[in-house]
Amino acid sequence: MALILASSSAIRRAMLDHAGVAYAADPSSVDEGRIKAELDDPEQIAEQLAAVKALDVSKRHDRDWIIGSDSVVSVEGRLFDKPVDRDQAMEHLRFFSARIMRLTSAVAIVQAGSVAWTHVESALLHVRTLSDRFIQDYLDAEWPDVGYCVGVFRLEGRGVQLFDRIDGDYFTILGMPLLPLLGALRDREIISS
(Lines give C-alpha, C1' and ligand atoms only; values in the text may rest on other atoms or scores of the structure.)
Protein backbone atom coordinates (compact mmCIF):
# COMPACT_ATOMS: atom_id res chain seq x y z
CA MET A 1 0.00 0.00 0.00
CA ALA A 2 1.19 3.47 -0.86
CA LEU A 3 0.56 6.89 0.63
CA ILE A 4 -0.90 9.38 -1.85
CA LEU A 5 -1.24 13.16 -1.43
CA ALA A 6 -4.40 14.33 -3.20
CA SER A 7 -2.89 17.70 -4.07
CA SER A 8 -0.61 19.50 -6.49
CA SER A 9 0.31 22.09 -3.83
CA ALA A 10 4.05 22.65 -3.78
CA ILE A 11 4.00 23.71 -0.12
CA ARG A 12 2.07 20.61 1.02
CA ARG A 13 4.51 18.43 -0.91
CA ALA A 14 7.43 20.31 0.67
CA MET A 15 6.02 19.75 4.16
CA LEU A 16 5.88 15.99 3.62
CA ASP A 17 9.28 15.97 1.91
CA HIS A 18 10.94 17.86 4.77
CA ALA A 19 9.30 15.52 7.30
CA GLY A 20 10.81 12.53 5.46
CA VAL A 21 7.45 11.00 4.52
CA ALA A 22 7.44 8.81 1.40
CA TYR A 23 4.38 9.48 -0.77
CA ALA A 24 3.18 10.03 -4.32
CA ALA A 25 1.10 13.01 -5.45
CA ASP A 26 -2.13 12.63 -7.43
CA PRO A 27 -4.22 15.81 -7.49
CA SER A 28 -7.97 15.68 -7.04
CA SER A 29 -10.37 17.12 -9.61
CA VAL A 30 -13.14 18.01 -7.15
CA ASP A 31 -15.41 20.98 -7.91
CA GLU A 32 -14.71 23.06 -4.80
CA GLY A 33 -17.29 25.69 -5.75
CA ARG A 34 -20.19 23.30 -5.33
CA ILE A 35 -19.16 22.36 -1.79
CA LYS A 36 -18.46 25.96 -0.82
CA ALA A 37 -21.91 26.95 -2.08
CA GLU A 38 -23.57 24.40 0.21
CA LEU A 39 -21.76 25.38 3.43
CA ASP A 40 -20.89 28.63 5.19
CA ASP A 41 -18.82 27.55 8.22
CA PRO A 42 -15.06 27.70 7.47
CA GLU A 43 -14.29 24.61 9.57
CA GLN A 44 -17.00 22.55 7.86
CA ILE A 45 -15.91 23.74 4.42
CA ALA A 46 -12.22 22.93 5.01
CA GLU A 47 -12.99 19.53 6.55
CA GLN A 48 -15.47 18.59 3.84
CA LEU A 49 -13.11 19.65 1.04
CA ALA A 50 -10.18 17.76 2.56
CA ALA A 51 -12.27 14.59 2.83
CA VAL A 52 -13.89 14.91 -0.60
CA LYS A 53 -10.52 15.49 -2.31
CA ALA A 54 -9.08 12.37 -0.67
CA LEU A 55 -12.20 10.35 -1.51
CA ASP A 56 -11.97 11.47 -5.14
CA VAL A 57 -8.37 10.26 -5.44
CA SER A 58 -9.23 7.08 -3.52
CA LYS A 59 -11.34 6.01 -6.52
CA ARG A 60 -8.10 5.64 -8.50
CA HIS A 61 -6.11 4.12 -5.62
CA ASP A 62 -8.64 2.04 -3.71
CA ARG A 63 -6.14 0.11 -1.54
CA ASP A 64 -3.81 3.03 -0.76
CA TRP A 65 -3.96 5.61 2.01
CA ILE A 66 -4.92 9.05 0.68
CA ILE A 67 -4.24 12.43 2.30
CA GLY A 68 -6.57 15.30 1.43
CA SER A 69 -6.16 18.85 2.69
CA ASP A 70 -7.73 22.24 2.22
CA SER A 71 -7.61 25.77 3.64
CA VAL A 72 -10.26 28.45 3.96
CA VAL A 73 -9.72 32.15 4.70
CA SER A 74 -12.40 34.27 6.31
CA VAL A 75 -12.34 37.86 7.48
CA GLU A 76 -15.22 39.26 9.53
CA GLY A 77 -17.44 36.39 8.39
CA ARG A 78 -16.68 36.84 4.68
CA LEU A 79 -15.14 33.83 2.92
CA PHE A 80 -12.37 34.34 0.40
CA ASP A 81 -11.18 32.20 -2.50
CA LYS A 82 -7.94 32.47 -4.41
CA PRO A 83 -8.01 35.71 -6.42
CA VAL A 84 -8.99 35.30 -10.06
CA ASP A 85 -6.58 38.04 -11.17
CA ARG A 86 -4.21 40.70 -9.86
CA ASP A 87 -6.98 43.31 -9.53
CA GLN A 88 -8.97 41.00 -7.28
CA ALA A 89 -5.81 40.22 -5.28
CA MET A 90 -5.43 43.95 -4.69
CA GLU A 91 -9.09 44.19 -3.57
CA HIS A 92 -8.59 41.29 -1.15
CA LEU A 93 -5.47 42.85 0.36
CA ARG A 94 -7.23 46.19 0.80
CA PHE A 95 -10.09 44.42 2.58
CA PHE A 96 -7.68 42.46 4.82
CA SER A 97 -5.85 45.63 5.89
CA ALA A 98 -6.06 46.24 9.67
CA ARG A 99 -8.34 43.22 10.16
CA ILE A 100 -7.95 39.73 11.58
CA MET A 101 -7.78 36.94 9.03
CA ARG A 102 -8.93 33.50 10.17
CA LEU A 103 -7.17 30.75 8.26
CA THR A 104 -8.70 27.30 8.74
CA SER A 105 -6.90 24.21 7.46
CA ALA A 106 -8.13 20.64 7.49
CA VAL A 107 -6.55 17.31 6.67
CA ALA A 108 -8.19 13.92 6.08
CA ILE A 109 -6.94 10.38 5.65
CA VAL A 110 -8.99 8.05 3.47
CA GLN A 111 -8.63 4.39 2.55
CA ALA A 112 -10.84 2.21 0.34
CA GLY A 113 -13.36 5.00 -0.14
CA SER A 114 -13.85 5.56 3.59
CA VAL A 115 -12.74 8.50 5.73
CA ALA A 116 -10.49 7.11 8.48
CA TRP A 117 -9.53 10.40 10.18
CA THR A 118 -9.92 14.18 9.93
CA HIS A 119 -8.47 17.14 11.78
CA VAL A 120 -9.27 20.86 11.58
CA GLU A 121 -7.28 23.78 13.03
CA SER A 122 -7.53 27.55 12.74
CA ALA A 123 -5.01 30.34 13.10
CA LEU A 124 -5.62 34.05 13.53
CA LEU A 125 -3.44 36.36 11.46
CA HIS A 126 -3.52 40.02 12.47
CA VAL A 127 -3.06 41.99 9.28
CA ARG A 128 -1.30 45.32 9.77
CA THR A 129 -2.49 48.47 8.03
CA LEU A 130 -1.44 48.06 4.39
CA SER A 131 -0.83 51.14 2.26
CA ASP A 132 -1.72 51.12 -1.43
CA ARG A 133 1.98 51.57 -2.21
CA PHE A 134 2.90 48.52 -0.12
CA ILE A 135 0.17 46.45 -1.80
CA GLN A 136 1.39 47.52 -5.24
CA ASP A 137 5.04 46.77 -4.41
CA TYR A 138 4.08 43.47 -2.78
CA LEU A 139 2.11 42.31 -5.82
CA ASP A 140 4.90 43.51 -8.15
CA ALA A 141 7.25 41.17 -6.29
CA GLU A 142 4.93 38.24 -5.52
CA TRP A 143 2.46 38.04 -8.42
CA PRO A 144 1.52 35.59 -9.93
CA ASP A 145 2.75 33.13 -7.27
CA VAL A 146 0.44 34.46 -4.53
CA GLY A 147 -2.47 34.16 -6.95
CA TYR A 148 -2.46 30.43 -6.21
CA CYS A 149 -2.79 31.09 -2.47
CA VAL A 150 -5.98 31.68 -0.55
CA GLY A 151 -5.30 34.86 1.43
CA VAL A 152 -2.92 36.16 -1.27
CA PHE A 153 0.21 35.37 0.74
CA ARG A 154 2.96 32.84 1.28
CA LEU A 155 4.08 32.98 4.89
CA GLU A 156 7.39 31.43 3.91
CA GLY A 157 8.01 34.43 1.63
CA ARG A 158 7.24 38.16 1.59
CA GLY A 159 3.72 37.43 2.81
CA VAL A 160 5.05 37.51 6.37
CA GLN A 161 5.21 41.30 5.96
CA LEU A 162 1.40 41.50 5.91
CA PHE A 163 1.08 40.70 9.60
CA ASP A 164 1.65 42.31 13.00
CA ARG A 165 0.94 39.13 14.93
CA ILE A 166 0.03 35.50 14.27
CA ASP A 167 -1.76 33.21 16.70
CA GLY A 168 -1.67 29.60 15.56
CA ASP A 169 0.36 26.73 14.21
CA TYR A 170 2.84 27.43 11.41
CA PHE A 171 1.96 24.29 9.44
CA THR A 172 -1.76 25.04 9.70
CA ILE A 173 -1.05 28.43 8.13
CA LEU A 174 0.97 26.78 5.37
CA GLY A 175 -2.14 24.74 4.54
CA MET A 176 -1.98 21.38 6.32
CA PRO A 177 -1.90 20.62 10.07
CA LEU A 178 1.25 18.54 9.80
CA LEU A 179 1.91 17.44 13.39
CA PRO A 180 -1.57 15.91 13.92
CA LEU A 181 -1.29 14.29 10.47
CA LEU A 182 2.06 12.71 11.33
CA GLY A 183 0.56 11.37 14.56
CA ALA A 184 -2.39 9.88 12.67
CA LEU A 185 -0.03 8.26 10.14
CA ARG A 186 2.01 6.73 12.99
CA ASP A 187 -1.17 5.51 14.75
CA ARG A 188 -2.10 3.63 11.55
CA GLU A 189 1.47 2.36 11.08
CA ILE A 190 1.66 4.09 7.71
CA ILE A 191 4.94 5.65 8.89
CA SER A 192 7.15 4.27 11.65
CA SER A 193 6.56 5.36 15.23
# chains A, B, ... in the order shown; residues from 1 in each chain; ligands from 1
>>> residues_around(residues="Glu91 (chain A)", least_positions_apart="5", cutoff="12 Å", atoms="only C-alpha atoms", output="ChimeraX atom specification")
/A:80,82-86,96-97,130,132,135-136,139,151-152
>>> write_last_selection(atoms="N, CA and C atoms", output="short mmCIF file (atom, residue, chain, number, x, y, z; two decimals), in the first residue's frame")
data_model
loop_
_atom_site.label_atom_id
_atom_site.label_comp_id
_atom_site.auth_asym_id
_atom_site.auth_seq_id
_atom_site.Cartn_x
_atom_site.Cartn_y
_atom_site.Cartn_z
N PHE A 80 -13.17 33.94 1.55
CA PHE A 80 -12.37 34.34 0.40
C PHE A 80 -11.83 33.12 -0.32
N LYS A 82 -9.13 31.97 -3.74
CA LYS A 82 -7.94 32.47 -4.41
C LYS A 82 -8.38 33.57 -5.37
N PRO A 83 -7.61 34.63 -5.50
CA PRO A 83 -8.01 35.71 -6.42
C PRO A 83 -7.98 35.22 -7.87
N VAL A 84 -8.94 35.71 -8.66
CA VAL A 84 -8.99 35.30 -10.06
C VAL A 84 -7.98 36.07 -10.92
N ASP A 85 -7.56 37.24 -10.45
CA ASP A 85 -6.58 38.04 -11.17
C ASP A 85 -5.91 39.01 -10.20
N ARG A 86 -4.97 39.77 -10.71
CA ARG A 86 -4.21 40.70 -9.86
C ARG A 86 -5.11 41.79 -9.28
N PHE A 96 -8.36 43.08 3.68
CA PHE A 96 -7.68 42.46 4.82
C PHE A 96 -7.00 43.49 5.72
N SER A 97 -6.62 44.63 5.16
CA SER A 97 -5.85 45.63 5.89
C SER A 97 -6.48 45.98 7.23
N LEU A 130 -2.19 48.18 5.64
CA LEU A 130 -1.44 48.06 4.39
C LEU A 130 -1.70 49.28 3.51
N ASP A 132 -1.59 51.48 -0.01
CA ASP A 132 -1.72 51.12 -1.43
C ASP A 132 -0.34 50.91 -2.07
N ILE A 135 0.90 47.49 -1.06
CA ILE A 135 0.17 46.45 -1.80
C ILE A 135 0.68 46.35 -3.23
N GLN A 136 0.88 47.49 -3.86
CA GLN A 136 1.39 47.52 -5.24
C GLN A 136 2.79 46.89 -5.32
N LEU A 139 2.60 43.07 -4.67
CA LEU A 139 2.11 42.31 -5.82
C LEU A 139 3.11 42.34 -6.98
N GLY A 151 -5.87 33.86 0.54
CA GLY A 151 -5.30 34.86 1.43
C GLY A 151 -4.25 35.72 0.77
N VAL A 152 -3.87 35.39 -0.46
CA VAL A 152 -2.92 36.16 -1.27
C VAL A 152 -1.56 36.32 -0.57
#
>>> select_by_dssp(residues="chain A", states="strand (DSSP E)", output="PyMOL selection string")
chain A and resi 3-5+24-25+65-75+78-80+100-111+114-127+163-167
>>> residues_around(residues="region 64-79 of chain A", least_positions_apart="3", cutoff="7 Å", atoms="only C-alpha atoms", output="JSON, numbers by chain")
{"A": [1, 2, 3, 4, 5, 6, 42, 46, 49, 50, 51, 53, 54, 58, 61, 100, 101, 102, 103, 104, 105, 106, 107, 108, 109, 110, 111, 150, 151, 175, 176]}
>>> select_by_dssp(residues="chain A", states="alpha helix (DSSP H)", output="MDAnalysis selection string")
chainID A and resid 10:18 32:38 42:58 86:96 132:142 170:174 178:187
>>> closest_residue(among="A:Ala14, A:Val160, A:Gly33, A:Val146", to="His92 (chain A)", atoms="only C-alpha atoms")
A:Val146
>>> closest_residue(among="A:Val57, A:Glu38, A:Leu178, A:Asp87", to="Ala25 (chain A)", atoms="only C-alpha atoms")
A:Val57
>>> atom_distance(atom1="CA of Gly159 (chain A)", atom2="CA of Ile35 (chain A)")
27.8 Å
>>> closest_residue(among="A:Ala112, A:Ala123, A:Ile173, A:Ala89", to="Asp140 (chain A)", atoms="only C-alpha atoms")
A:Ala89
>>> closest_residue(among="A:Leu16, A:Ala22, A:Leu124, A:Ala10", to="Ile190 (chain A)", atoms="only C-alpha atoms")
A:Ala22
>>> closest_residue(among="A:Met15, A:Asp56, A:Ser8, A:Asp169", to="Asp31 (chain A)", atoms="only C-alpha atoms")
A:Asp56
>>> atom_distance(atom1="CA of Ala19 (chain A)", atom2="CA of Gln161 (chain A)")
26.1 Å
